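The block underneath contains the structure these notes are about, expressed in C-alpha cells.
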Amino acid sequence: ACNPKEVRTLLRIMGRKNVVAVERLHAKVWVTDLGALIGSSNASANGFGHEGDDAELAQLIEANVAFSPLPSGASRAWRKWFEREVWA
C-alpha cells in the first residue's frame, strides 16, 4: 500500500540500506542521530494532509510522536527492536 514514487524518493535521499518496508508493520519508525519519529503518517505530502482532494483521505486522523533529543540508549534499543522483532 506504499506510493512507489515516494519510496523511490526516500531511497534516493536516504539510501537503500536506510529504507526498509515490512508488510505487517503499518507504523512508521524514523530513527536518526538527532531524534526519532514514530507514528502512522506516510512519508508523503498526502500522508501529512497536504496533497489531493480525496474525501476518504480527508477523514483520516494521523498520529505521531517525536523524540528529540533521544533518551539515552533509545536509538540503539529501537534499532535492536527493529532487527529482532520486525525485520526478522
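The way I read the labels, and the way they are meant: chains A, B, ... in the order of the C-alpha cells, residue 1 as the first residue of every chain, and ligand 1 as the first ligand shown, with later ones counted on from there.
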
Next item on the list: Identify, on the basis of only C-alpha atoms, every residue whose closest approach to region 26-42 of chain A does not exceed 6 Å; exclude the query and any residue fewer than 2 positions from it along the same chain; express the result as a ChimeraX atom specification.
Entry: /A:44,47,62-70

Those residues with N, CA, C and O atoms, as a PDB file, in the first residue's frame please?
```
ATOM      1  N   SER A  44       4.828  11.266   2.819  1.00  0.00           N
ATOM      2  CA  SER A  44       4.432  11.923   1.574  1.00  0.00           C
ATOM      3  C   SER A  44       3.594  13.140   1.932  1.00  0.00           C
ATOM      4  O   SER A  44       3.113  13.267   3.062  1.00  0.00           O
ATOM      5  N   GLY A  47       0.364  11.899   3.067  1.00  0.00           N
ATOM      6  CA  GLY A  47       0.379  11.366   4.417  1.00  0.00           C
ATOM      7  C   GLY A  47       0.295  12.448   5.465  1.00  0.00           C
ATOM      8  O   GLY A  47      -0.177  12.215   6.574  1.00  0.00           O
ATOM      9  N   GLU A  62      -4.118  11.191  11.562  1.00  0.00           N
ATOM     10  CA  GLU A  62      -2.787  10.610  11.729  1.00  0.00           C
ATOM     11  C   GLU A  62      -2.241  11.030  13.083  1.00  0.00           C
ATOM     12  O   GLU A  62      -2.564  12.100  13.589  1.00  0.00           O
ATOM     13  N   ALA A  63      -1.421  10.179  13.671  1.00  0.00           N
ATOM     14  CA  ALA A  63      -0.813  10.491  14.962  1.00  0.00           C
ATOM     15  C   ALA A  63       0.656  10.088  14.933  1.00  0.00           C
ATOM     16  O   ALA A  63       1.004   9.027  14.420  1.00  0.00           O
ATOM     17  N   ASN A  64       1.500  10.949  15.462  1.00  0.00           N
ATOM     18  CA  ASN A  64       2.936  10.703  15.513  1.00  0.00           C
ATOM     19  C   ASN A  64       3.479  11.227  16.836  1.00  0.00           C
ATOM     20  O   ASN A  64       2.929  12.149  17.422  1.00  0.00           O
ATOM     21  N   VAL A  65       4.571  10.639  17.264  1.00  0.00           N
ATOM     22  CA  VAL A  65       5.263  11.106  18.453  1.00  0.00           C
ATOM     23  C   VAL A  65       6.705  11.369  18.059  1.00  0.00           C
ATOM     24  O   VAL A  65       7.351  10.520  17.433  1.00  0.00           O
ATOM     25  N   ALA A  66       7.215  12.550  18.411  1.00  0.00           N
ATOM     26  CA  ALA A  66       8.600  12.906  18.094  1.00  0.00           C
ATOM     27  C   ALA A  66       9.432  12.897  19.375  1.00  0.00           C
ATOM     28  O   ALA A  66       8.962  13.353  20.425  1.00  0.00           O
ATOM     29  N   PHE A  67      10.630  12.364  19.267  1.00  0.00           N
ATOM     30  CA  PHE A  67      11.580  12.346  20.373  1.00  0.00           C
ATOM     31  C   PHE A  67      12.842  13.065  19.916  1.00  0.00           C
ATOM     32  O   PHE A  67      13.522  12.583  19.014  1.00  0.00           O
ATOM     33  N   SER A  68      13.140  14.205  20.512  1.00  0.00           N
ATOM     34  CA  SER A  68      14.356  14.917  20.159  1.00  0.00           C
ATOM     35  C   SER A  68      14.743  15.823  21.319  1.00  0.00           C
ATOM     36  O   SER A  68      13.946  16.677  21.707  1.00  0.00           O
ATOM     37  N   PRO A  69      15.873  15.644  21.894  1.00  0.00           N
ATOM     38  CA  PRO A  69      16.838  14.597  21.582  1.00  0.00           C
ATOM     39  C   PRO A  69      16.340  13.255  22.106  1.00  0.00           C
ATOM     40  O   PRO A  69      15.422  13.199  22.927  1.00  0.00           O
ATOM     41  N   LEU A  70      16.955  12.202  21.603  1.00  0.00           N
ATOM     42  CA  LEU A  70      16.582  10.858  22.035  1.00  0.00           C
ATOM     43  C   LEU A  70      17.018  10.611  23.470  1.00  0.00           C
ATOM     44  O   LEU A  70      18.102  11.033  23.867  1.00  0.00           O
TER      45      LEU A  70
END
```

Next item on the list: May I have the residues within 12 Å of Glu85 (chain A) as a PyMOL selection string, using only C-alpha atoms and disregarding those fewer than 6 positions away in the same chain?
Entry: chain A and resi 22+24-25+77-79

I need the chosen residues saved as a compact mmCIF listing (two decimals), in the first residue's frame, with all heavy atoms.
```txt
# COMPACT_ATOMS: atom_id res chain seq x y z
N VAL A 22 8.15 -3.42 5.80
CA VAL A 22 7.70 -4.70 6.30
C VAL A 22 6.19 -4.74 6.11
O VAL A 22 5.48 -3.84 6.57
CB VAL A 22 8.06 -4.87 7.80
CG1 VAL A 22 7.50 -6.17 8.35
CG2 VAL A 22 9.56 -4.81 7.98
N ARG A 24 3.68 -6.29 7.39
CA ARG A 24 2.78 -6.27 8.55
C ARG A 24 2.86 -4.99 9.36
O ARG A 24 1.99 -4.71 10.17
CB ARG A 24 3.11 -7.44 9.49
CG ARG A 24 2.93 -8.79 8.88
CD ARG A 24 3.35 -9.92 9.84
NE ARG A 24 4.81 -9.85 10.09
CZ ARG A 24 5.36 -9.59 11.26
NH1 ARG A 24 4.62 -9.36 12.31
NH2 ARG A 24 6.67 -9.54 11.41
N LEU A 25 3.90 -4.19 9.18
CA LEU A 25 4.11 -3.00 10.00
C LEU A 25 3.44 -1.79 9.37
O LEU A 25 3.84 -1.34 8.30
CB LEU A 25 5.61 -2.74 10.18
CG LEU A 25 5.98 -1.56 11.07
CD1 LEU A 25 5.56 -1.83 12.52
CD2 LEU A 25 7.48 -1.30 10.99
N ALA A 77 18.33 0.85 21.27
CA ALA A 77 17.26 -0.06 21.66
C ALA A 77 16.23 -0.21 20.55
O ALA A 77 15.78 -1.33 20.26
CB ALA A 77 16.59 0.43 22.95
N TRP A 78 15.85 0.89 19.92
CA TRP A 78 14.86 0.81 18.84
C TRP A 78 15.42 0.09 17.63
O TRP A 78 14.72 -0.66 16.97
CB TRP A 78 14.35 2.20 18.47
CG TRP A 78 13.42 2.76 19.49
CD1 TRP A 78 12.70 2.06 20.41
CD2 TRP A 78 13.14 4.12 19.72
NE1 TRP A 78 11.97 2.92 21.19
CE2 TRP A 78 12.21 4.18 20.80
CE3 TRP A 78 13.56 5.30 19.14
CZ2 TRP A 78 11.71 5.38 21.28
CZ3 TRP A 78 13.06 6.50 19.63
CH2 TRP A 78 12.14 6.53 20.68
N ARG A 79 16.69 0.31 17.32
CA ARG A 79 17.30 -0.40 16.19
C ARG A 79 17.35 -1.90 16.47
O ARG A 79 17.08 -2.71 15.60
CB ARG A 79 18.68 0.16 15.90
CG ARG A 79 18.65 1.56 15.30
CD ARG A 79 20.06 2.14 15.18
NE ARG A 79 20.02 3.56 14.97
CZ ARG A 79 19.97 4.16 13.78
NH1 ARG A 79 19.92 3.44 12.70
NH2 ARG A 79 19.96 5.47 13.69
```

Next item on the list: For CA of Val7 (chain A) and CA of Val19 (chain A), determine how far apart the two atoms are, in Å to one decimal place.
Entry: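 Distance reported for this atom pair: 8.3 Å.
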
Next item on the list: Tell me, in Å to one decimal, how far CA of Gly15 (chain A) is from CA of Ser75 (chain A).
Entry: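 Straight-line distance from CA of Gly15 (chain A) to CA of Ser75 (chain A) works out to 18.8 Å.
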
Please provide the set of residues having any atom within 10 Å of Val20 (chain A), restricted to only C-alpha atoms, with same-chain residues fewer than 5 positions apart removed, written as a short mmCIF file (atom, residue, chain, number, x, y, z; two decimals) with N, CA, C and O atoms, in the first residue's frame.
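Result file is part.cif:
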```
data_model
loop_
_atom_site.label_atom_id
_atom_site.label_comp_id
_atom_site.auth_asym_id
_atom_site.auth_seq_id
_atom_site.Cartn_x
_atom_site.Cartn_y
_atom_site.Cartn_z
N VAL A 7 8.47 6.08 -2.29
CA VAL A 7 9.51 5.13 -1.89
C VAL A 7 10.78 5.38 -2.69
O VAL A 7 11.88 5.40 -2.13
N LEU A 10 12.48 8.42 -1.23
CA LEU A 10 13.17 8.08 0.03
C LEU A 10 14.46 7.31 -0.25
O LEU A 10 15.50 7.57 0.39
N LEU A 11 14.41 6.35 -1.16
CA LEU A 11 15.61 5.58 -1.49
C LEU A 11 16.71 6.49 -2.03
O LEU A 11 17.88 6.34 -1.69
N TRP A 87 12.20 -6.87 11.42
CA TRP A 87 12.89 -7.26 10.20
C TRP A 87 13.05 -8.77 10.09
O TRP A 87 12.94 -9.33 9.01
#
```
